[in-house]
file work25.cif (mmCIF, C-alpha atoms, pLDDT in the B column; chains and numbers go by the auth columns)
data_work
loop_
_atom_site.group_PDB
_atom_site.id
_atom_site.type_symbol
_atom_site.label_atom_id
_atom_site.label_comp_id
_atom_site.label_asym_id
_atom_site.label_seq_id
_atom_site.Cartn_x
_atom_site.Cartn_y
_atom_site.Cartn_z
_atom_site.B_iso_or_equiv
_atom_site.auth_seq_id
_atom_site.auth_asym_id
ATOM 1 C CA MET A 1 107.128 153.620 186.924 45.00 1056 A
ATOM 2 C CA GLU A 2 108.955 155.624 184.274 43.00 1057 A
ATOM 3 C CA SER A 3 111.759 153.032 184.290 46.00 1058 A
ATOM 4 C CA ALA A 4 109.281 150.223 183.642 44.00 1059 A
ATOM 5 C CA LEU A 5 107.731 152.084 180.738 41.00 1060 A
ATOM 6 C CA LEU A 6 111.160 152.775 179.253 40.00 1061 A
ATOM 7 C CA LEU A 7 112.145 149.085 179.520 42.00 1062 A
ATOM 8 C CA LEU A 8 108.908 147.976 177.861 40.00 1063 A
ATOM 9 C CA SER A 9 109.460 150.418 174.990 47.00 1064 A
ATOM 10 C CA LEU A 10 113.013 149.149 174.444 41.00 1065 A
ATOM 11 C CA LEU A 11 111.768 145.538 174.304 43.00 1066 A
ATOM 12 C CA LEU A 12 109.087 146.377 171.708 42.00 1067 A
ATOM 13 C CA VAL A 13 111.595 148.210 169.509 42.00 1068 A
ATOM 14 C CA ALA A 14 114.036 145.259 169.663 46.00 1069 A
ATOM 15 C CA ALA A 15 111.275 142.791 168.725 44.00 1070 A
ATOM 16 C CA TYR A 16 110.197 144.941 165.795 46.00 1071 A
ATOM 17 C CA LEU A 17 113.769 145.285 164.550 45.00 1072 A
ATOM 18 C CA ARG A 18 114.310 141.510 164.726 54.00 1073 A
ATOM 19 C CA GLY A 19 111.070 140.817 162.797 48.00 1074 A
ATOM 20 C CA GLY A 20 111.843 143.396 160.118 48.00 1075 A
ATOM 21 C CA SER A 21 115.363 142.072 159.730 44.00 1076 A
ATOM 22 C CA SER A 22 114.058 138.509 159.165 41.00 1077 A
ATOM 23 C CA GLN A 23 111.479 139.712 156.662 43.00 1078 A
ATOM 24 C CA HIS A 24 114.159 141.737 154.868 39.00 1079 A
ATOM 25 C CA GLU A 25 116.483 138.733 154.670 41.00 1080 A
ATOM 26 C CA TRP A 26 113.668 136.496 153.316 38.00 1081 A
ATOM 27 C CA MET A 27 112.792 138.985 150.598 42.00 1082 A
ATOM 28 C CA GLN A 28 116.404 139.296 149.511 45.00 1083 A
ATOM 29 C CA SER A 29 116.931 135.466 149.211 46.00 1084 A
ATOM 30 C CA PRO A 30 114.273 133.887 146.900 47.00 1085 A
ATOM 31 C CA PRO A 31 114.679 130.151 146.174 45.00 1086 A
ATOM 32 C CA ALA A 32 116.758 129.212 143.101 43.00 1087 A
ATOM 33 C CA PRO A 33 114.843 127.608 140.238 45.00 1088 A
ATOM 34 C CA SER A 34 115.051 123.808 140.179 47.00 1089 A
ATOM 35 C CA VAL A 35 117.134 122.286 137.382 46.00 1090 A
ATOM 36 C CA THR A 36 114.602 119.463 137.110 46.00 1091 A
ATOM 37 C CA SER A 37 112.234 121.850 135.352 53.00 1092 A
ATOM 38 C CA VAL A 38 114.619 122.282 132.403 55.00 1093 A
ATOM 39 C CA PRO A 39 112.939 120.580 129.383 73.00 1094 A
ATOM 40 C CA PHE A 40 115.009 118.110 127.366 84.00 1095 A
ATOM 41 C CA LEU A 41 114.395 115.796 124.400 92.00 1096 A
ATOM 42 C CA VAL A 42 115.635 112.300 123.538 94.00 1097 A
ATOM 43 C CA ARG A 43 115.931 110.938 119.994 95.00 1098 A
ATOM 44 C CA LEU A 44 116.916 107.463 118.785 96.00 1099 A
ATOM 45 C CA SER A 45 117.870 107.084 115.143 95.00 1100 A
ATOM 46 C CA PRO A 46 117.253 105.465 112.804 94.00 1101 A
ATOM 47 C CA GLU A 47 113.738 104.846 114.086 93.00 1102 A
ATOM 48 C CA LEU A 48 113.208 101.937 111.667 89.00 1103 A
ATOM 49 C CA GLU A 49 116.020 99.807 110.275 90.00 1104 A
ATOM 50 C CA ALA A 50 115.967 96.574 108.245 87.00 1105 A
ATOM 51 C CA VAL A 51 118.966 94.249 108.270 90.00 1106 A
ATOM 52 C CA PRO A 52 119.631 90.777 106.851 89.00 1107 A
ATOM 53 C CA PRO A 53 119.333 87.989 109.450 89.00 1108 A
ATOM 54 C CA GLY A 54 122.547 87.718 111.447 89.00 1109 A
ATOM 55 C CA GLY A 55 123.609 91.270 110.562 91.00 1110 A
ATOM 56 C CA SER A 56 124.532 94.195 112.820 94.00 1111 A
ATOM 57 C CA VAL A 57 123.351 97.798 113.117 95.00 1112 A
ATOM 58 C CA TRP A 58 124.333 101.057 114.892 96.00 1113 A
ATOM 59 C CA LEU A 59 121.767 103.190 116.733 96.00 1114 A
ATOM 60 C CA ASN A 60 122.454 106.760 117.880 96.00 1115 A
ATOM 61 C CA CYS A 61 120.773 108.097 121.033 95.00 1116 A
ATOM 62 C CA SER A 62 120.975 111.912 121.309 94.00 1117 A
ATOM 63 C CA HIS A 63 119.646 114.432 123.850 93.00 1118 A
ATOM 64 C CA ASN A 64 119.817 118.155 124.662 91.00 1119 A
ATOM 65 C CA CYS A 65 120.270 117.952 128.430 89.00 1120 A
ATOM 66 C CA PRO A 66 122.902 120.564 129.520 86.00 1121 A
ATOM 67 C CA LEU A 67 123.888 118.503 132.564 84.00 1122 A
ATOM 68 C CA PRO A 68 125.696 115.184 132.948 77.00 1123 A
ATOM 69 C CA VAL A 69 123.206 112.419 132.177 83.00 1124 A
ATOM 70 C CA HIS A 70 122.808 108.703 132.601 88.00 1125 A
ATOM 71 C CA SER A 71 121.703 106.850 129.456 90.00 1126 A
ATOM 72 C CA SER A 72 121.141 103.183 128.648 93.00 1127 A
ATOM 73 C CA LEU A 73 119.842 101.055 125.769 95.00 1128 A
ATOM 74 C CA ARG A 74 117.209 98.479 126.649 95.00 1129 A
ATOM 75 C CA THR A 75 116.728 95.613 124.225 94.00 1130 A
ATOM 76 C CA GLN A 76 116.823 91.829 124.018 93.00 1131 A
ATOM 77 C CA LEU A 77 119.325 92.013 121.167 94.00 1132 A
ATOM 78 C CA ARG A 78 123.012 91.438 121.820 94.00 1133 A
ATOM 79 C CA GLN A 79 124.948 94.672 122.254 95.00 1134 A
ATOM 80 C CA GLY A 80 128.454 95.345 120.994 95.00 1135 A
ATOM 81 C CA LYS A 81 130.542 98.522 121.065 95.00 1136 A
ATOM 82 C CA ILE A 82 129.482 101.840 122.617 95.00 1137 A
ATOM 83 C CA VAL A 83 130.772 105.224 121.410 95.00 1138 A
ATOM 84 C CA ASN A 84 130.151 108.419 123.427 90.00 1139 A
ATOM 85 C CA GLY A 85 130.094 112.059 122.387 90.00 1140 A
ATOM 86 C CA SER A 86 128.782 115.405 123.608 89.00 1141 A
ATOM 87 C CA GLY A 87 125.021 114.938 123.834 91.00 1142 A
ATOM 88 C CA TRP A 88 124.928 111.515 122.150 93.00 1143 A
ATOM 89 C CA VAL A 89 125.752 107.830 122.563 95.00 1144 A
ATOM 90 C CA SER A 90 125.977 105.262 119.731 96.00 1145 A
ATOM 91 C CA TYR A 91 125.207 101.600 120.425 96.00 1146 A
ATOM 92 C CA GLN A 92 126.068 98.608 118.236 96.00 1147 A
ATOM 93 C CA LEU A 93 123.647 95.682 118.020 96.00 1148 A
ATOM 94 C CA LEU A 94 125.019 92.323 116.870 95.00 1149 A
ATOM 95 C CA ASP A 95 123.646 89.145 115.257 93.00 1150 A
ATOM 96 C CA VAL A 96 120.109 90.423 114.693 92.00 1151 A
ATOM 97 C CA ARG A 97 117.933 87.352 114.059 87.00 1152 A
ATOM 98 C CA ALA A 98 114.547 88.267 115.527 87.00 1153 A
ATOM 99 C CA TRP A 99 112.472 89.544 112.642 86.00 1154 A
ATOM 100 C CA ASN A 100 110.992 92.375 114.759 88.00 1155 A
ATOM 101 C CA SER A 101 112.698 93.921 117.797 91.00 1156 A
ATOM 102 C CA LYS A 102 111.862 97.022 119.828 94.00 1157 A
ATOM 103 C CA VAL A 103 114.756 99.083 121.210 96.00 1158 A
ATOM 104 C CA ARG A 104 114.496 101.814 123.869 96.00 1159 A
ATOM 105 C CA CYS A 105 117.031 104.502 124.780 95.00 1160 A
ATOM 106 C CA VAL A 106 116.455 105.785 128.333 95.00 1161 A
ATOM 107 C CA VAL A 107 118.059 109.079 129.453 94.00 1162 A
ATOM 108 C CA THR A 108 117.907 110.617 132.949 92.00 1163 A
ATOM 109 C CA CYS A 109 118.598 114.350 133.239 90.00 1164 A
ATOM 110 C CA ALA A 110 118.594 116.002 136.700 86.00 1165 A
ATOM 111 C CA GLY A 111 116.274 113.345 138.082 87.00 1166 A
ATOM 112 C CA GLU A 112 113.850 113.391 135.132 90.00 1167 A
ATOM 113 C CA THR A 113 113.750 110.328 132.833 92.00 1168 A
ATOM 114 C CA ARG A 114 112.682 110.260 129.200 92.00 1169 A
ATOM 115 C CA GLU A 115 113.039 107.711 126.429 93.00 1170 A
ATOM 116 C CA ALA A 116 112.887 107.194 122.658 96.00 1171 A
ATOM 117 C CA THR A 117 112.168 103.996 120.726 96.00 1172 A
ATOM 118 C CA ALA A 118 113.235 102.360 117.471 95.00 1173 A
ATOM 119 C CA ARG A 119 112.305 99.161 115.631 93.00 1174 A
ATOM 120 C CA ILE A 120 114.743 96.732 114.034 93.00 1175 A
ATOM 121 C CA THR A 121 113.462 94.210 111.471 89.00 1176 A
ATOM 122 C CA ALA A 122 115.389 91.304 110.024 90.00 1177 A
ATOM 123 C CA PHE A 123 114.176 89.727 106.787 91.00 1178 A
ATOM 124 C CA LYS A 124 115.561 88.350 103.545 91.00 1179 A
ATOM 125 C CA ARG A 125 113.758 88.508 100.225 92.00 1180 A
ATOM 126 C CA PRO A 126 113.866 85.105 98.448 94.00 1181 A
ATOM 127 C CA ARG A 127 116.982 84.714 96.349 95.00 1182 A
ATOM 128 C CA SER A 128 114.906 82.931 93.728 96.00 1183 A
ATOM 129 C CA VAL A 129 111.421 81.559 93.063 97.00 1184 A
ATOM 130 C CA ILE A 130 111.471 78.724 90.519 97.00 1185 A
ATOM 131 C CA LEU A 131 108.527 76.765 89.141 96.00 1186 A
ATOM 132 C CA GLU A 132 109.449 73.523 87.402 94.00 1187 A
ATOM 133 C CA PRO A 133 107.600 72.501 84.214 91.00 1188 A
ATOM 134 C CA PRO A 134 104.591 70.276 85.056 89.00 1189 A
ATOM 135 C CA VAL A 135 105.400 66.589 85.335 86.00 1190 A
ATOM 136 C CA LEU A 136 102.792 64.087 84.143 81.00 1191 A
ATOM 137 C CA VAL A 137 102.385 61.262 86.678 78.00 1192 A
ATOM 138 C CA GLY A 138 99.588 58.880 85.789 75.00 1193 A
ATOM 139 C CA HIS A 139 96.680 61.089 84.874 76.00 1194 A
ATOM 140 C CA LYS A 140 97.649 64.107 86.999 84.00 1195 A
ATOM 141 C CA TYR A 141 100.251 66.839 86.847 87.00 1196 A
ATOM 142 C CA THR A 142 102.727 67.487 89.638 91.00 1197 A
ATOM 143 C CA LEU A 143 103.849 71.108 90.145 93.00 1198 A
ATOM 144 C CA ARG A 144 106.920 71.960 92.233 95.00 1199 A
ATOM 145 C CA CYS A 145 107.886 75.458 93.304 97.00 1200 A
ATOM 146 C CA TYR A 146 111.229 76.223 94.969 97.00 1201 A
ATOM 147 C CA VAL A 147 111.680 79.326 97.167 97.00 1202 A
ATOM 148 C CA THR A 148 115.330 79.732 98.185 96.00 1203 A
ATOM 149 C CA HIS A 149 117.147 81.633 100.952 94.00 1204 A
ATOM 150 C CA VAL A 150 114.153 83.338 102.554 94.00 1205 A
ATOM 151 C CA PHE A 151 113.612 84.667 106.118 93.00 1206 A
ATOM 152 C CA PRO A 152 111.506 84.586 108.245 91.00 1207 A
ATOM 153 C CA VAL A 153 109.801 81.447 106.924 92.00 1208 A
ATOM 154 C CA GLY A 154 106.976 81.679 109.463 91.00 1209 A
ATOM 155 C CA PHE A 155 105.626 84.773 107.685 92.00 1210 A
ATOM 156 C CA LEU A 156 105.817 83.278 104.181 94.00 1211 A
ATOM 157 C CA VAL A 157 102.828 82.448 101.977 95.00 1212 A
ATOM 158 C CA VAL A 158 103.425 80.501 98.732 96.00 1213 A
ATOM 159 C CA SER A 159 100.728 80.367 96.062 96.00 1214 A
ATOM 160 C CA LEU A 160 100.268 78.843 92.592 95.00 1215 A
ATOM 161 C CA ARG A 161 98.359 80.695 89.906 94.00 1216 A
ATOM 162 C CA LYS A 162 96.944 79.545 86.606 90.00 1217 A
ATOM 163 C CA GLY A 163 96.227 82.332 84.170 86.00 1218 A
ATOM 164 C CA GLY A 164 96.260 84.857 87.027 84.00 1219 A
ATOM 165 C CA ARG A 165 93.834 82.848 89.204 91.00 1220 A
ATOM 166 C CA VAL A 166 95.034 81.307 92.478 94.00 1221 A
ATOM 167 C CA VAL A 167 94.623 77.524 92.372 92.00 1222 A
ATOM 168 C CA TYR A 168 96.479 76.749 95.601 95.00 1223 A
ATOM 169 C CA HIS A 169 98.215 78.582 98.454 94.00 1224 A
ATOM 170 C CA GLU A 170 99.899 77.574 101.682 94.00 1225 A
ATOM 171 C CA SER A 171 100.968 79.552 104.759 93.00 1226 A
ATOM 172 C CA LEU A 172 104.095 78.450 106.640 91.00 1227 A
ATOM 173 C CA GLN A 173 103.183 79.864 110.064 88.00 1228 A
ATOM 174 C CA ARG A 174 104.121 76.600 111.756 85.00 1229 A
ATOM 175 C CA PHE A 175 107.814 77.170 110.993 85.00 1230 A
ATOM 176 C CA THR A 176 109.656 79.199 113.646 81.00 1231 A
ATOM 177 C CA GLY A 177 113.313 78.820 112.643 79.00 1232 A
ATOM 178 C CA SER A 178 115.707 81.773 112.965 77.00 1233 A
ATOM 179 C CA ASP A 179 117.867 80.968 109.928 83.00 1234 A
ATOM 180 C CA LEU A 180 117.616 81.331 106.175 87.00 1235 A
ATOM 181 C CA ALA A 181 115.606 78.490 104.679 91.00 1236 A
ATOM 182 C CA ASN A 182 114.689 76.851 101.380 94.00 1237 A
ATOM 183 C CA VAL A 183 111.043 75.942 100.806 95.00 1238 A
ATOM 184 C CA THR A 184 109.587 73.437 98.322 95.00 1239 A
ATOM 185 C CA LEU A 185 105.871 73.475 97.549 95.00 1240 A
ATOM 186 C CA THR A 186 104.387 70.442 95.721 95.00 1241 A
ATOM 187 C CA TYR A 187 100.881 70.432 94.286 95.00 1242 A
ATOM 188 C CA VAL A 188 99.035 67.828 92.197 93.00 1243 A
ATOM 189 C CA MET A 189 96.350 68.961 89.772 87.00 1244 A
ATOM 190 C CA ARG A 190 94.206 67.824 86.865 83.00 1245 A
ATOM 191 C CA ALA A 191 93.913 69.881 83.703 74.00 1246 A
ATOM 192 C CA GLY A 192 91.296 70.177 80.994 72.00 1247 A
ATOM 193 C CA LEU A 193 91.237 71.474 77.455 72.00 1248 A
ATOM 194 C CA ASN A 194 90.740 75.040 78.707 74.00 1249 A
ATOM 195 C CA ASP A 195 94.020 74.826 80.636 72.00 1250 A
ATOM 196 C CA LEU A 196 96.180 74.326 77.540 75.00 1251 A
ATOM 197 C CA TRP A 197 98.672 77.179 77.046 81.00 1252 A
ATOM 198 C CA GLN A 198 97.591 78.853 80.276 85.00 1253 A
ATOM 199 C CA PRO A 199 100.583 80.375 82.147 90.00 1254 A
ATOM 200 C CA LEU A 200 101.382 78.772 85.495 93.00 1255 A
ATOM 201 C CA THR A 201 103.295 80.882 88.043 96.00 1256 A
ATOM 202 C CA CYS A 202 104.508 80.539 91.639 97.00 1257 A
ATOM 203 C CA HIS A 203 104.402 83.486 94.046 97.00 1258 A
ATOM 204 C CA ALA A 204 106.123 84.030 97.412 96.00 1259 A
ATOM 205 C CA ARG A 205 104.837 86.703 99.803 95.00 1260 A
ATOM 206 C CA LEU A 206 106.275 87.827 103.146 92.00 1261 A
ATOM 207 C CA ASN A 207 103.693 89.534 105.395 89.00 1262 A
ATOM 208 C CA LEU A 208 105.675 91.522 107.974 85.00 1263 A
ATOM 209 C CA ASP A 209 103.078 93.548 109.924 78.00 1264 A
ATOM 210 C CA GLY A 210 102.315 96.016 107.161 76.00 1265 A
ATOM 211 C CA LEU A 211 105.478 95.453 105.150 82.00 1266 A
ATOM 212 C CA VAL A 212 104.754 93.115 102.220 89.00 1267 A
ATOM 213 C CA VAL A 213 107.622 91.641 100.181 91.00 1268 A
ATOM 214 C CA ARG A 214 106.639 89.852 96.949 94.00 1269 A
ATOM 215 C CA SER A 215 108.572 87.618 94.549 95.00 1270 A
ATOM 216 C CA SER A 216 107.387 85.444 91.672 95.00 1271 A
ATOM 217 C CA SER A 217 108.650 82.839 89.227 95.00 1272 A
ATOM 218 C CA ALA A 218 108.836 82.909 85.465 95.00 1273 A
ATOM 219 C CA PRO A 219 105.677 81.422 83.860 94.00 1274 A
ATOM 220 C CA VAL A 220 105.544 77.879 82.487 92.00 1275 A
ATOM 221 C CA MET A 221 102.944 76.510 80.088 87.00 1276 A
ATOM 222 C CA LEU A 222 100.823 73.361 80.168 79.00 1277 A
ATOM 223 C CA THR A 223 101.172 71.982 76.648 74.00 1278 A
ATOM 224 C CA VAL A 224 100.026 68.346 77.021 64.00 1279 A
ATOM 225 C CA LEU A 225 96.796 67.095 78.541 55.00 1280 A
ATOM 226 C CA ALA A 226 96.503 64.125 80.862 50.00 1281 A
ATOM 227 C CA LEU A 227 93.454 62.034 79.861 45.00 1282 A
ATOM 228 C CA SER A 228 91.564 59.679 82.130 47.00 1283 A
ATOM 229 C CA PRO A 229 90.961 56.009 81.068 49.00 1284 A
ATOM 230 C CA ALA A 230 87.347 56.857 80.183 47.00 1285 A
ATOM 231 C CA SER A 231 88.520 59.786 78.049 44.00 1286 A
ATOM 232 C CA ILE A 232 91.131 57.592 76.372 45.00 1287 A
ATOM 233 C CA SER A 233 88.495 54.908 75.611 50.00 1288 A
ATOM 234 C CA LEU A 234 86.096 57.518 74.278 43.00 1289 A
ATOM 235 C CA ALA A 235 88.815 59.035 72.143 42.00 1290 A
ATOM 236 C CA SER A 236 89.802 55.608 70.816 48.00 1291 A
ATOM 237 C CA ILE A 237 86.168 54.790 69.922 54.00 1292 A
ATOM 238 C CA SER A 238 85.803 58.157 68.219 46.00 1293 A
ATOM 239 C CA ILE A 239 88.989 57.675 66.217 52.00 1294 A
ATOM 240 C CA ALA A 240 87.971 54.149 65.236 51.00 1295 A
ATOM 241 C CA THR A 241 84.562 55.405 64.153 57.00 1296 A
ATOM 242 C CA LEU A 242 86.114 58.164 62.051 54.00 1297 A
ATOM 243 C CA VAL A 243 88.517 55.716 60.459 53.00 1298 A
ATOM 244 C CA GLY A 244 85.609 53.382 59.633 55.00 1299 A
ATOM 245 C CA ILE A 245 83.665 56.239 58.085 62.00 1300 A
ATOM 246 C CA PHE A 246 86.632 57.317 55.969 56.00 1301 A
ATOM 247 C CA LEU A 247 87.202 53.740 54.836 59.00 1302 A
ATOM 248 C CA ALA A 248 83.529 53.289 53.884 58.00 1303 A
ATOM 249 C CA VAL A 249 83.454 56.573 51.964 58.00 1304 A
ATOM 250 C CA GLY A 250 86.726 55.674 50.290 58.00 1305 A
ATOM 251 C CA ALA A 251 85.389 52.264 49.261 58.00 1306 A
ATOM 252 C CA VAL A 252 82.292 53.857 47.676 62.00 1307 A
ATOM 253 C CA TYR A 253 84.405 56.274 45.660 64.00 1308 A
ATOM 254 C CA VAL A 254 86.720 53.464 44.566 60.00 1309 A
ATOM 255 C CA ARG A 255 83.776 51.353 43.316 67.00 1310 A
ATOM 256 C CA LYS A 256 82.363 54.312 41.426 68.00 1311 A
ATOM 257 C CA TYR A 257 85.747 55.044 39.889 60.00 1312 A
ATOM 258 C CA LEU A 258 86.153 51.401 38.794 60.00 1313 A
ATOM 259 C CA ALA A 259 82.638 51.358 37.342 65.00 1314 A
ATOM 260 C CA VAL A 260 83.364 54.475 35.296 63.00 1315 A
ATOM 261 C CA GLN A 261 86.638 53.036 34.042 62.00 1316 A
ATOM 262 C CA THR A 262 84.910 49.786 33.003 67.00 1317 A
ATOM 263 C CA GLN A 263 82.288 51.642 30.923 63.00 1318 A
ATOM 264 C CA LEU A 264 85.065 53.477 29.092 60.00 1319 A
#
call {"tool": "encode", "arguments": {"input": "work25.cif", "output": "structure tokens"}}
result
Amino acid sequence: MESALLLLSLLLVAAYLRGGSSQHEWMQSPPAPSVTSVPFLVRLSPELEAVPPGGSVWLNCSHNCPLPVHSSLRTQLRQGKIVNGSGWVSYQLLDVRAWNSKVRCVVTCAGETREATARITAFKRPRSVILEPPVLVGHKYTLRCYVTHVFPVGFLVVSLRKGGRVVYHESLQRFTGSDLANVTLTYVMRAGLNDLWQPLTCHARLNLDGLVVRSSSAPVMLTVLALSPASISLASISIATLVGIFLAVGAVYVRKYLAVQTQL
């Protein structure tokens, strides 16, 4: 009986020692913090860049991840050279012809992925805006405005102003070309007496989603009026009437002068 009690006591002590040893080992070995919880930032610069159509640009993607990372640039633009450094990668974009392109730099650090974005715009202010002097054709004036080397044409609005007031404008949204273009706007107008010596100007405006680029021509003057056949007939009758009146008055004065001379 005493032997059985002694054996049972030894078994309980061994079980307690094994349990305490496991608990002791667990308390001495806490889990290591996960590296995925380390915060990191991604920056893509410049965030907004404007280039002439067909030009190239460099974008720099930087991060503060302390571990080896995987980074990539996602865009529809054609990529060129890539230069790497500690915590940064520079990407070259070639032949930029889309007027507005979004670029994303995606960086993965210890299983966590973050990204930064930039916007590339391609546009060209008109090299020149020229308004020709009005040309009289029949009884109307023809105005021609030339807008040269402009891009993108689909976002161009050309307007004609007379004395600061818009008399005609045209949007070129139907044009979708990806090259520099020359635009000619032709407009036919009548003019009255009030239009003499009024400045005529041509204006080109690019509306690029908040960015507005304006150019204008030198003013030209309307110095000669185009008269309709009815106006010409009326003017001729008026002139003939005035001439007749002057002749009649002149004849009266001549008769009076001759009468006076005869009495002397």
call {"tool": "residues_around", "arguments": {"input": "work25.cif", "residues": "A:Thr1256", "least_positions_apart": "5", "cutoff": "12 Å", "atoms": "all atoms listed in the file", "output": "PyMOL selection string"}}
result
chain A and resi 1184-1189+1198-1201+1213-1224+1270-1277
call {"tool": "closest_residue", "arguments": {"input": "work25.cif", "among": "A:Arg1098, A:His1125, A:Arg1159, A:Arg1245", "to": "A:Asn1139", "atoms": "all atoms listed in the file"}}
result
A:His1125
call {"tool": "closest_residue", "arguments": {"input": "work25.cif", "among": "A:Leu1103, A:Leu1096, A:Val1190, A:Met1244", "to": "A:Cys1164", "atoms": "only C-alpha atoms"}}
result
A:Leu1096
call {"tool": "closest_residue", "arguments": {"input": "work25.cif", "among": "A:Ala1177, A:Ala1171, A:Leu1148, A:Leu1211", "to": "A:Val1268", "atoms": "all atoms listed in the file"}}
result
A:Leu1211
call {"tool": "residues_around", "arguments": {"input": "work25.cif", "residues": "A:Asp1234", "least_positions_apart": "6", "cutoff": "8 Å", "atoms": "all atoms listed in the file", "output": "ChimeraX atom specification"}}
result
/A:1108,1152,1206-1207
call {"tool": "atom_distance", "arguments": {"input": "work25.cif", "atom1": "atom CA of A:Gly1110", "atom2": "atom CA of A:Ser1126"}}
result
24.6 Å
call {"tool": "closest_residue", "arguments": {"input": "work25.cif", "among": "A:Pro1107, A:Pro1181, A:Pro1094, A:Gly1135", "to": "A:Val1205", "atoms": "only C-alpha atoms"}}
result
A:Pro1181
call {"tool": "atom_distance", "arguments": {"input": "work25.cif", "atom1": "atom CA of A:Val1202", "atom2": "atom CA of A:Ala1153"}}
result
20.6 Å
call {"tool": "atom_distance", "arguments": {"input": "work25.cif", "atom1": "atom CA of A:Leu1227", "atom2": "atom CA of A:Ala1259"}}
result
11.0 Å
call {"tool": "resolve_selection", "arguments": {"input": "work25.cif", "expression": "the PyMOL selection byres ((chain A and resi 1142) around 9)", "output": "count of residues only"}}
result
12
